[in-house]
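*Asks:* My structure is in structure.csv, and what it holds is CSV, C-alpha atoms:
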```csv
chain,number,residue,atom,x,y,z
A,1,MET,CA,0.3,9.6,-7.2
A,2,LEU,CA,-1.7,6.5,-7.7
A,3,THR,CA,-5.1,6.3,-5.9
A,4,PHE,CA,-6.0,2.9,-4.4
A,5,GLY,CA,-9.1,1.3,-3.1
A,6,LEU,CA,-8.6,-1.2,-0.4
A,7,PHE,CA,-10.7,-4.4,-0.5
A,8,GLY,CA,-10.7,-6.2,2.8
A,9,THR,CA,-11.0,-5.4,6.5
A,10,GLY,CA,-9.1,-8.2,8.3
A,11,HIS,CA,-5.8,-8.2,10.2
A,12,TRP,CA,-3.7,-8.3,7.0
A,13,ALA,CA,-5.8,-5.6,5.3
A,14,ALA,CA,-5.6,-3.3,8.3
A,15,GLU,CA,-2.1,-3.8,9.6
A,16,VAL,CA,-0.2,-4.3,6.3
A,17,HIS,CA,-2.2,-3.1,3.3
A,18,ALA,CA,-3.7,0.0,4.8
A,19,ALA,CA,-0.6,0.9,6.7
A,20,ALA,CA,1.6,0.5,3.6
A,21,LEU,CA,-0.7,2.5,1.4
A,22,ALA,CA,-1.3,5.3,3.9
A,23,GLY,CA,2.3,6.0,4.4
A,24,HIS,CA,3.5,5.7,0.8
A,25,PRO,CA,4.7,8.8,-1.1
A,26,ARG,CA,3.5,7.5,-4.5
A,27,ALA,CA,0.1,6.1,-3.3
A,28,ARG,CA,-3.1,7.5,-1.8
A,29,LEU,CA,-5.6,5.4,0.0
A,30,ALA,CA,-9.0,6.6,-1.3
A,31,GLY,CA,-11.5,4.2,0.2
A,32,VAL,CA,-12.3,0.9,1.8
A,33,TRP,CA,-14.7,-1.9,1.0
A,34,GLY,CA,-15.4,-5.0,2.9
A,35,ARG,CA,-17.9,-7.8,3.1
A,36,ASP,CA,-18.8,-6.6,6.7
A,37,PRO,CA,-19.9,-2.9,6.4
A,38,ALA,CA,-19.3,-2.2,10.1
A,39,LYS,CA,-15.7,-3.4,9.8
A,40,ALA,CA,-15.2,-1.4,6.6
A,41,GLU,CA,-16.5,1.7,8.4
A,42,ALA,CA,-14.2,1.2,11.3
A,43,LEU,CA,-11.1,0.7,9.1
A,44,ALA,CA,-12.0,3.6,6.9
A,45,ASP,CA,-12.4,5.9,9.9
A,46,ARG,CA,-9.0,4.8,11.3
A,47,TYR,CA,-7.4,6.0,8.1
A,48,GLY,CA,-9.6,9.0,7.4
A,49,VAL,CA,-11.1,7.8,4.2
A,50,PRO,CA,-14.7,6.9,3.1
A,51,ALA,CA,-16.1,3.4,3.4
A,52,TYR,CA,-18.0,2.1,0.3
A,53,ARG,CA,-21.0,-0.2,0.4
A,54,ASP,CA,-20.7,-1.0,-3.3
A,55,ALA,CA,-17.4,-2.7,-4.5
A,56,ASP,CA,-17.9,-1.5,-8.1
A,57,ALA,CA,-18.4,2.1,-6.9
A,58,LEU,CA,-15.0,2.0,-5.2
A,59,ILE,CA,-13.4,0.4,-8.3
A,60,GLU,CA,-14.9,3.3,-10.3
A,61,ALA,CA,-13.4,5.9,-7.9
A,62,VAL,CA,-9.8,4.8,-8.0
A,63,GLN,CA,-6.9,4.0,-10.4
A,64,ALA,CA,-5.8,0.8,-8.6
A,65,VAL,CA,-7.1,-1.8,-6.2
A,66,ALA,CA,-5.3,-3.5,-3.3
A,67,VAL,CA,-7.0,-6.7,-2.3
A,68,ALA,CA,-6.6,-8.5,1.0
A,69,LEU,CA,-9.5,-11.0,0.9
A,70,PRO,CA,-9.8,-14.8,0.5
A,71,PRO,CA,-8.4,-15.9,-2.8
A,72,ASP,CA,-11.7,-16.9,-4.4
A,73,VAL,CA,-13.2,-13.5,-3.5
A,74,GLN,CA,-10.1,-11.8,-4.7
A,75,ALA,CA,-10.2,-13.5,-8.1
A,76,ASP,CA,-13.7,-12.2,-8.9
A,77,LEU,CA,-12.9,-8.6,-7.7
A,78,ALA,CA,-9.6,-8.6,-9.7
A,79,VAL,CA,-11.4,-9.5,-12.9
A,80,ARG,CA,-14.0,-6.7,-12.3
A,81,ALA,CA,-11.2,-4.2,-11.5
A,82,ALA,CA,-9.0,-5.2,-14.5
A,83,THR,CA,-11.9,-5.1,-16.9
A,84,ALA,CA,-12.6,-1.5,-15.6
A,85,GLY,CA,-8.9,-0.6,-16.4
A,86,ARG,CA,-7.7,-0.6,-12.8
A,87,HIS,CA,-4.2,-1.7,-11.9
A,88,LEU,CA,-3.9,-4.7,-9.5
A,89,LEU,CA,-2.1,-5.1,-6.2
A,90,LEU,CA,-3.2,-8.6,-5.2
A,91,ASP,CA,-2.3,-11.2,-2.6
A,92,LYS,CA,-1.2,-14.8,-2.8
A,93,PRO,CA,-2.5,-17.2,-3.9
A,94,LEU,CA,-4.0,-15.4,-6.9
A,95,ALA,CA,-7.0,-17.8,-6.8
A,96,LEU,CA,-8.1,-21.2,-5.5
A,97,SER,CA,-8.5,-22.8,-8.9
A,98,LEU,CA,-6.7,-22.6,-12.3
A,99,PRO,CA,-9.8,-21.4,-14.2
A,100,ASP,CA,-10.2,-18.5,-11.8
A,101,ALA,CA,-6.5,-17.6,-12.1
A,102,ASP,CA,-6.8,-17.8,-15.9
A,103,ARG,CA,-9.7,-15.3,-15.8
A,104,VAL,CA,-7.6,-12.8,-13.9
A,105,VAL,CA,-4.7,-13.1,-16.3
A,106,ALA,CA,-7.0,-12.8,-19.3
A,107,ALA,CA,-8.7,-9.7,-17.9
A,108,ALA,CA,-5.4,-8.0,-17.1
A,109,ALA,CA,-3.9,-8.8,-20.5
A,110,GLN,CA,-7.0,-7.6,-22.4
A,111,SER,CA,-7.1,-4.2,-20.5
A,112,GLY,CA,-3.3,-3.8,-20.4
A,113,VAL,CA,-3.2,-3.0,-16.6
A,114,ALA,CA,-0.1,-3.4,-14.5
A,115,SER,CA,-0.2,-6.1,-11.8
A,116,VAL,CA,1.8,-7.2,-8.8
A,117,VAL,CA,1.0,-10.2,-6.6
A,118,PHE,CA,2.4,-9.7,-3.1
A,119,PHE,CA,4.5,-12.8,-2.6
A,120,THR,CA,6.0,-11.5,0.6
A,121,ASN,CA,9.4,-13.1,0.4
A,122,ARG,CA,10.1,-11.6,-3.0
A,123,PHE,CA,9.9,-8.1,-1.7
A,124,HIS,CA,12.5,-8.5,1.0
A,125,PRO,CA,15.7,-7.1,-0.6
A,126,ALA,CA,18.1,-9.7,0.8
A,127,ILE,CA,15.9,-12.5,-0.5
A,128,SER,CA,15.3,-11.0,-3.9
A,129,THR,CA,19.0,-10.3,-4.3
A,130,PHE,CA,19.8,-13.9,-3.3
A,131,LEU,CA,17.3,-15.4,-5.8
A,132,ALA,CA,18.6,-13.2,-8.6
A,133,GLY,CA,22.2,-14.4,-7.9
A,134,ALA,CA,21.2,-18.0,-7.6
A,135,ALA,CA,19.3,-17.9,-10.9
A,136,ALA,CA,22.3,-16.3,-12.6
A,137,THR,CA,24.7,-18.9,-11.1
A,138,GLY,CA,22.7,-21.9,-12.4
A,139,GLY,CA,23.9,-25.5,-12.1
A,140,TRP,CA,21.4,-26.4,-9.4
A,141,HIS,CA,20.3,-30.0,-9.0
A,142,GLY,CA,17.5,-29.2,-6.6
A,143,ALA,CA,16.1,-27.5,-3.5
A,144,ARG,CA,14.7,-28.5,-0.2
A,145,GLY,CA,12.3,-26.4,1.8
A,146,VAL,CA,10.3,-26.5,5.0
A,147,HIS,CA,7.6,-23.9,5.9
A,148,HIS,CA,5.9,-25.0,9.2
A,149,ALA,CA,3.6,-22.5,10.8
A,150,SER,CA,1.3,-22.8,13.8
A,151,ILE,CA,-1.6,-20.4,13.2
A,152,PHE,CA,-4.2,-22.1,15.3
A,153,GLN,CA,-2.8,-21.1,18.7
A,154,PRO,CA,-4.8,-18.7,20.9
A,155,GLY,CA,-4.3,-15.1,19.8
A,156,ASN,CA,-3.1,-15.8,16.3
A,157,PRO,CA,-4.8,-13.3,13.9
A,158,TYR,CA,-5.1,-15.9,11.1
A,159,GLY,CA,-6.4,-18.8,13.2
A,160,GLY,CA,-10.1,-18.0,12.5
A,161,SER,CA,-9.6,-17.8,8.7
A,162,ALA,CA,-12.2,-20.0,7.1
A,163,TRP,CA,-10.4,-20.4,3.8
A,164,ARG,CA,-7.1,-21.3,5.5
A,165,ARG,CA,-8.9,-24.0,7.6
A,166,ALA,CA,-10.6,-25.4,4.5
A,167,HIS,CA,-7.6,-25.3,2.1
A,168,GLY,CA,-4.7,-25.8,4.5
A,169,ALA,CA,-1.0,-25.3,4.2
A,170,LEU,CA,-0.8,-26.2,0.5
A,171,TRP,CA,-2.7,-23.0,-0.5
A,172,ASP,CA,-1.6,-20.7,2.3
A,173,VAL,CA,2.2,-21.2,2.8
A,174,GLY,CA,2.7,-23.2,-0.4
A,175,PRO,CA,2.8,-20.0,-2.5
A,176,HIS,CA,5.6,-18.7,-0.2
A,177,ALA,CA,7.6,-21.8,-0.9
A,178,LEU,CA,7.0,-21.8,-4.7
A,179,SER,CA,7.8,-18.1,-4.9
A,180,LEU,CA,11.4,-19.0,-3.8
A,181,ILE,CA,11.9,-22.1,-5.8
A,182,LEU,CA,10.4,-21.3,-9.2
A,183,PRO,CA,12.6,-18.3,-10.0
A,184,VAL,CA,15.8,-20.5,-9.6
A,185,LEU,CA,14.8,-24.0,-10.7
A,186,GLY,CA,12.2,-23.0,-13.3
A,187,GLN,CA,8.9,-24.4,-14.5
A,188,VAL,CA,7.5,-27.4,-12.6
A,189,THR,CA,6.7,-30.4,-15.0
A,190,ARG,CA,5.6,-33.1,-12.5
A,191,VAL,CA,4.2,-33.0,-9.0
A,192,ALA,CA,3.7,-35.7,-6.3
A,193,ALA,CA,2.1,-35.0,-3.0
A,194,MET,CA,1.4,-36.8,0.3
A,195,GLY,CA,-0.4,-35.8,3.5
A,196,GLY,CA,1.3,-36.0,6.9
A,197,PRO,CA,0.6,-35.4,10.6
A,198,ARG,CA,-1.5,-32.5,11.6
A,199,ASN,CA,-2.7,-31.9,8.1
A,200,SER,CA,0.8,-31.2,6.8
A,201,VAL,CA,1.5,-31.8,3.1
A,202,HIS,CA,4.8,-32.8,1.5
A,203,LEU,CA,5.6,-32.2,-2.2
A,204,THR,CA,8.1,-33.6,-4.6
A,205,LEU,CA,8.5,-31.4,-7.7
A,206,ALA,CA,10.3,-32.0,-11.0
A,207,HIS,CA,11.7,-29.0,-12.8
A,208,GLY,CA,12.2,-30.2,-16.4
A,209,GLU,CA,14.7,-33.0,-16.6
A,210,THR,CA,17.5,-31.2,-14.7
A,211,ALA,CA,16.3,-30.6,-11.1
A,212,THR,CA,14.0,-31.7,-8.4
A,213,SER,CA,12.7,-30.0,-5.2
A,214,SER,CA,11.0,-31.2,-2.0
A,215,VAL,CA,8.8,-29.0,0.1
A,216,SER,CA,7.2,-29.7,3.5
A,217,LEU,CA,4.3,-27.4,4.5
A,218,ALA,CA,2.2,-27.1,7.7
A,219,LEU,CA,-0.2,-24.6,9.3
A,220,ASP,CA,-0.8,-26.6,12.5
A,221,ALA,CA,2.8,-27.6,13.5
A,222,PRO,CA,3.6,-27.9,17.2
A,223,PRO,CA,4.7,-24.4,18.3
A,224,ALA,CA,8.1,-25.7,19.2
A,225,SER,CA,8.8,-27.0,15.7
A,226,THR,CA,7.8,-24.0,13.6
A,227,THR,CA,10.4,-23.1,11.1
A,228,VAL,CA,11.1,-21.7,7.6
A,229,GLU,CA,14.2,-23.1,6.0
A,230,PHE,CA,15.0,-23.2,2.2
A,231,ALA,CA,18.3,-24.2,0.5
A,232,PHE,CA,19.5,-25.0,-3.0
A,233,TYR,CA,22.2,-27.6,-3.8
A,234,GLY,CA,24.2,-28.2,-6.9
A,235,GLU,CA,27.5,-28.1,-8.6
A,236,ASP,CA,28.9,-25.5,-6.3
A,237,GLY,CA,27.6,-26.9,-3.1
A,238,ILE,CA,24.7,-25.9,-0.8
A,239,THR,CA,23.4,-22.3,-0.4
A,240,VAL,CA,20.8,-21.3,2.1
A,241,VAL,CA,18.1,-18.7,1.4
A,242,PRO,CA,18.5,-15.8,3.9
A,243,ASP,CA,15.8,-15.1,6.4
A,244,ARG,CA,13.3,-12.3,6.0
A,245,THR,CA,14.4,-8.9,7.4
A,246,GLY,CA,12.0,-6.2,8.4
A,247,PRO,CA,8.2,-6.3,8.8
A,248,PRO,CA,5.8,-7.2,6.0
A,249,VAL,CA,4.5,-3.7,5.8
A,250,ASP,CA,8.0,-2.6,4.5
A,251,ALA,CA,7.9,-5.4,1.9
A,252,LEU,CA,4.5,-4.2,0.7
A,253,ARG,CA,5.7,-0.6,0.4
A,254,LEU,CA,8.3,-1.9,-2.0
A,255,ALA,CA,5.6,-3.8,-3.9
A,256,ILE,CA,3.6,-0.6,-4.2
A,257,GLU,CA,6.6,1.3,-5.4
A,258,GLN,CA,7.3,-1.3,-8.1
A,259,LEU,CA,3.6,-1.3,-9.2
A,260,CYS,CA,3.7,2.5,-9.5
A,261,THR,CA,6.9,2.2,-11.6
A,262,GLU,CA,5.2,-0.3,-13.9
A,263,VAL,CA,2.2,2.1,-14.3
A,264,ASP,CA,4.4,5.1,-15.0
A,265,SER,CA,6.7,3.3,-17.4
A,266,GLY,CA,4.1,1.4,-19.3
A,267,THR,CA,6.0,-1.9,-18.9
A,268,ARG,CA,4.1,-5.0,-18.0
A,269,ASP,CA,6.8,-7.5,-17.2
A,270,HIS,CA,7.0,-7.6,-13.4
A,271,GLN,CA,8.4,-10.9,-12.1
A,272,CYS,CA,5.5,-11.3,-9.7
A,273,ASP,CA,2.7,-10.2,-11.9
A,274,VAL,CA,-0.6,-12.1,-12.4
A,275,ARG,CA,1.1,-14.5,-14.9
A,276,PHE,CA,3.5,-15.6,-12.2
A,277,GLY,CA,0.6,-15.9,-9.8
A,278,ARG,CA,-1.2,-18.1,-12.3
A,279,ASP,CA,2.0,-20.3,-12.6
A,280,VAL,CA,2.0,-20.8,-8.8
A,281,VAL,CA,-1.7,-21.7,-8.8
A,282,THR,CA,-1.0,-24.3,-11.6
A,283,VAL,CA,1.4,-26.1,-9.3
A,284,LEU,CA,-0.8,-25.9,-6.3
A,285,ALA,CA,-3.8,-27.3,-8.2
A,286,ALA,CA,-1.7,-30.1,-9.6
A,287,ALA,CA,-0.4,-30.9,-6.1
A,288,GLN,CA,-4.0,-31.0,-4.7
A,289,THR,CA,-4.9,-33.5,-7.4
A,290,ALA,CA,-1.8,-35.5,-6.8
A,291,ARG,CA,-2.5,-35.7,-3.1
A,292,GLU,CA,-6.2,-36.5,-3.5
A,293,GLN,CA,-5.7,-39.2,-6.2
A,294,GLY,CA,-2.4,-40.6,-4.9
A,295,ARG,CA,-0.5,-40.2,-8.2
A,296,THR,CA,2.1,-38.1,-9.9
A,297,VAL,CA,0.6,-35.3,-12.0
A,298,THR,CA,2.3,-34.1,-15.2
A,299,LEU,CA,1.9,-30.4,-16.0
A,300,PRO,CA,1.6,-29.1,-19.6
A,301,SER,CA,4.8,-27.7,-20.9
```
Starting from the file, lay out its structure as structure tokens.
*Replies:*
Amino acid sequence: MLTFGLFGTGHWAAEVHAAALAGHPRARLAGVWGRDPAKAEALADRYGVPAYRDADALIEAVQAVAVALPPDVQADLAVRAATAGRHLLLDKPLALSLPDADRVVAAAAQSGVASVVFFTNRFHPAISTFLAGAAATGGWHGARGVHHASIFQPGNPYGGSAWRRAHGALWDVGPHALSLILPVLGQVTRVAAMGGPRNSVHLTLAHGETATSSVSLALDAPPASTTVEFAFYGEDGITVVPDRTGPPVDALRLAIEQLCTEVDSGTRDHQCDVRFGRDVVTVLAAAQTAREQGRTVTLPS
């Protein structure tokens, strides 16, 4: 049984993280910390655990941390937790800058803790099975993807998120897209990006010299045009990534299970660990530069 401290009090923290931890046979929710003490008290009371006023006190009291906070806040907490020897269940994106992502990776490597970054798509069994098969098949020339959300409609629980409004679709739904494409096409070597209507962003990615992908991302799409569509094309034709099945809390339960297995086995090679999280941030940061400067950015090999 792995004891977790939950950091965060928003909708995602309460309805996904806390629910998944509270109902998991290999995990125990031991406390909640949030930037708003009143919200932390309310969430802690809901799940029958103590609320902590000091983040480091909660880190000290548990074996692992689950973080559902803005990425820049998450990065600092993750470094503090890893340095203290606590295992990491983090959200995407790992951070909002490459230096911050590098700090998390370095802290996890130095302490030897296990880590899983919750790229939601990767913990839906139908999608993970599809990606493993596509990667094994090979011969892909490229991929195309569209992830258009509409979170600023009345009643949407994420519409008031300050970091999403500031950093947009690239940093919010971009990680979802990259978590599907990178395992199949491999490392991104060049990035071009252009803005579009309603603050959408459109990427063209080179994967070495053998494949390219194009991705269209939006958070403020017209409600009638929201969609998530991804496909790979190559020597054997076109194959479409299956849709998500089941709620995100089920996917997070699987992520918790896999983190517990990593802790018990001593292995540190999860496909969605902080190193993969840093790889995704590398592409996002390059895309941001490409969009701002109107040029193609080459990534280090």
*Asks:* Rank A:Ala169, A:Ala82, A:Cys260, A:Ala107 by their smallest atom-to-atom distance to A:Ala27, using all atoms listed in the file, and report the top residue only.
*Replies:*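 Result for the nearest residue to A:Ala27: A:Cys260.
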*Asks:* Which is closest to A:Asp100 among A:Ile59, A:Leu178, A:Val274, A:Val16, if we use all atoms listed in the file?
*Replies:*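 Nearest to A:Asp100: A:Val274.
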*Asks:* Mind checking which residues fall within 12 Å of A:Asp76, counting all atoms listed in the file, ignoring those fewer than 5 positions away in the same chain, and posting them as a ChimeraX atom specification?
*Replies:* /A:7,55-56,67,69-71,81-83,90,94-97,99-105,107
*Asks:* Please dump the current selection as a CSV table (one decimal), keeping the file's coordinate frame; keep C-alpha atoms.
*Replies:*
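Generated output (again.csv):
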```csv
chain,number,residue,atom,x,y,z
A,7,PHE,CA,-10.7,-4.4,-0.5
A,55,ALA,CA,-17.4,-2.7,-4.5
A,56,ASP,CA,-17.9,-1.5,-8.1
A,67,VAL,CA,-7.0,-6.7,-2.3
A,69,LEU,CA,-9.5,-11.0,0.9
A,70,PRO,CA,-9.8,-14.8,0.5
A,71,PRO,CA,-8.4,-15.9,-2.8
A,81,ALA,CA,-11.2,-4.2,-11.5
A,82,ALA,CA,-9.0,-5.2,-14.5
A,83,THR,CA,-11.9,-5.1,-16.9
A,90,LEU,CA,-3.2,-8.6,-5.2
A,94,LEU,CA,-4.0,-15.4,-6.9
A,95,ALA,CA,-7.0,-17.8,-6.8
A,96,LEU,CA,-8.1,-21.2,-5.5
A,97,SER,CA,-8.5,-22.8,-8.9
A,99,PRO,CA,-9.8,-21.4,-14.2
A,100,ASP,CA,-10.2,-18.5,-11.8
A,101,ALA,CA,-6.5,-17.6,-12.1
A,102,ASP,CA,-6.8,-17.8,-15.9
A,103,ARG,CA,-9.7,-15.3,-15.8
A,104,VAL,CA,-7.6,-12.8,-13.9
A,105,VAL,CA,-4.7,-13.1,-16.3
A,107,ALA,CA,-8.7,-9.7,-17.9
```
*Asks:* Write out as number ranges by chain the residues lying within 7 Å of stretch 210-221 of chain A, counting only C-alpha atoms and excluding same-chain residues fewer than 4 positions away.
*Replies:* A: 140-152, 168-170, 173-174, 185, 198-206, 225-226
*Asks:* Determine, counting all atoms listed in the file, every residue of protein, DNA or RNA that lies within 8 Å of (24.2, -26.0, -7.6) in the file coordinates, then give the result as a PyMOL selection string.
*Replies:* chain A and resi 137-142+232-238
*Asks:* Quick one: of A:Gln258, A:Gln110, A:Thr298, A:Gln288, who's nearest to A:His24, counting only C-alpha atoms?
*Replies:*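 Checking each candidate against A:His24, we get A:Gln258 as the closest.
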*Asks:* Identify the residues within 12 Å of coordinate (8.9, -12.7, -5.3) (same frame as the file), considering all atoms listed in the file, and give the answer as a ChimeraX atom specification.
*Replies:* /A:91-92,116-132,175-184,251-252,254-255,258,270-274,276-277,280
*Asks:* Report as a VMD selection string all protein, DNA and RNA residues lying within 10 Å of A:Ala14, evaluated on all atoms listed in the file, omitting residues in the same chain fewer than 4 positions from it.
*Replies:* chain A and resid 6 8 to 10 18 to 20 40 43 to 44 46 to 47 68
*Asks:* Could you check how far atom CA of A:Pro50 sits from atom CA of A:Gly31, in Å to one decimal?
*Replies:*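 Atom-to-atom, atom CA of A:Pro50 to atom CA of A:Gly31, that is 5.1 Å.
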*Asks:* Could you check how far atom CA of A:Ala57 sits from atom CA of A:Leu29, in Å to one decimal?
*Replies:*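 These two atoms are separated by 14.9 Å.
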*Asks:* To one decimal place, how far is atom CA of A:Asp54 from atom CA of A:Ala78 in Å?
*Replies:*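 Those two atoms sit 14.9 Å apart.
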*Asks:* Tell me, as a PDB file with C-alpha atoms, in the frame of the given file, which residues lie within 7 Å of A:Gly208, counting all atoms listed in the file; anything in the same chain fewer than 4 positions away does not count.
*Replies:*
```pdb
ATOM      1  CA  GLN A 187       8.900 -24.400 -14.500  1.00  0.00           C
ATOM      2  CA  VAL A 188       7.500 -27.400 -12.600  1.00  0.00           C
ATOM      3  CA  THR A 189       6.700 -30.400 -15.000  1.00  0.00           C
TER       4      THR A 189
END
```
*Asks:* Go through A:Arg164, A:Arg253, A:Arg86, A:Arg291 and flag the residue nearest A:Ser111, using all atoms listed in the file for the distances.
*Replies:* A:Arg86
*Asks:* My list of candidates is A:Val241, A:Ala64, A:Ala75, A:Pro222. Which is closest to A:Leu21 when distances are computed with all atoms listed in the file?
*Replies:*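 With all atoms listed in the file as the atom set, the closest residue is A:Ala64.
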*Asks:* Using all atoms listed in the file, pick whichever of A:Ser301, A:Thr267, A:Thr261, A:Gln293 has the shortest atom-to-atom distance to A:His207.
*Replies:*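 The shortest atom-to-atom distance to A:His207 comes from A:Ser301.
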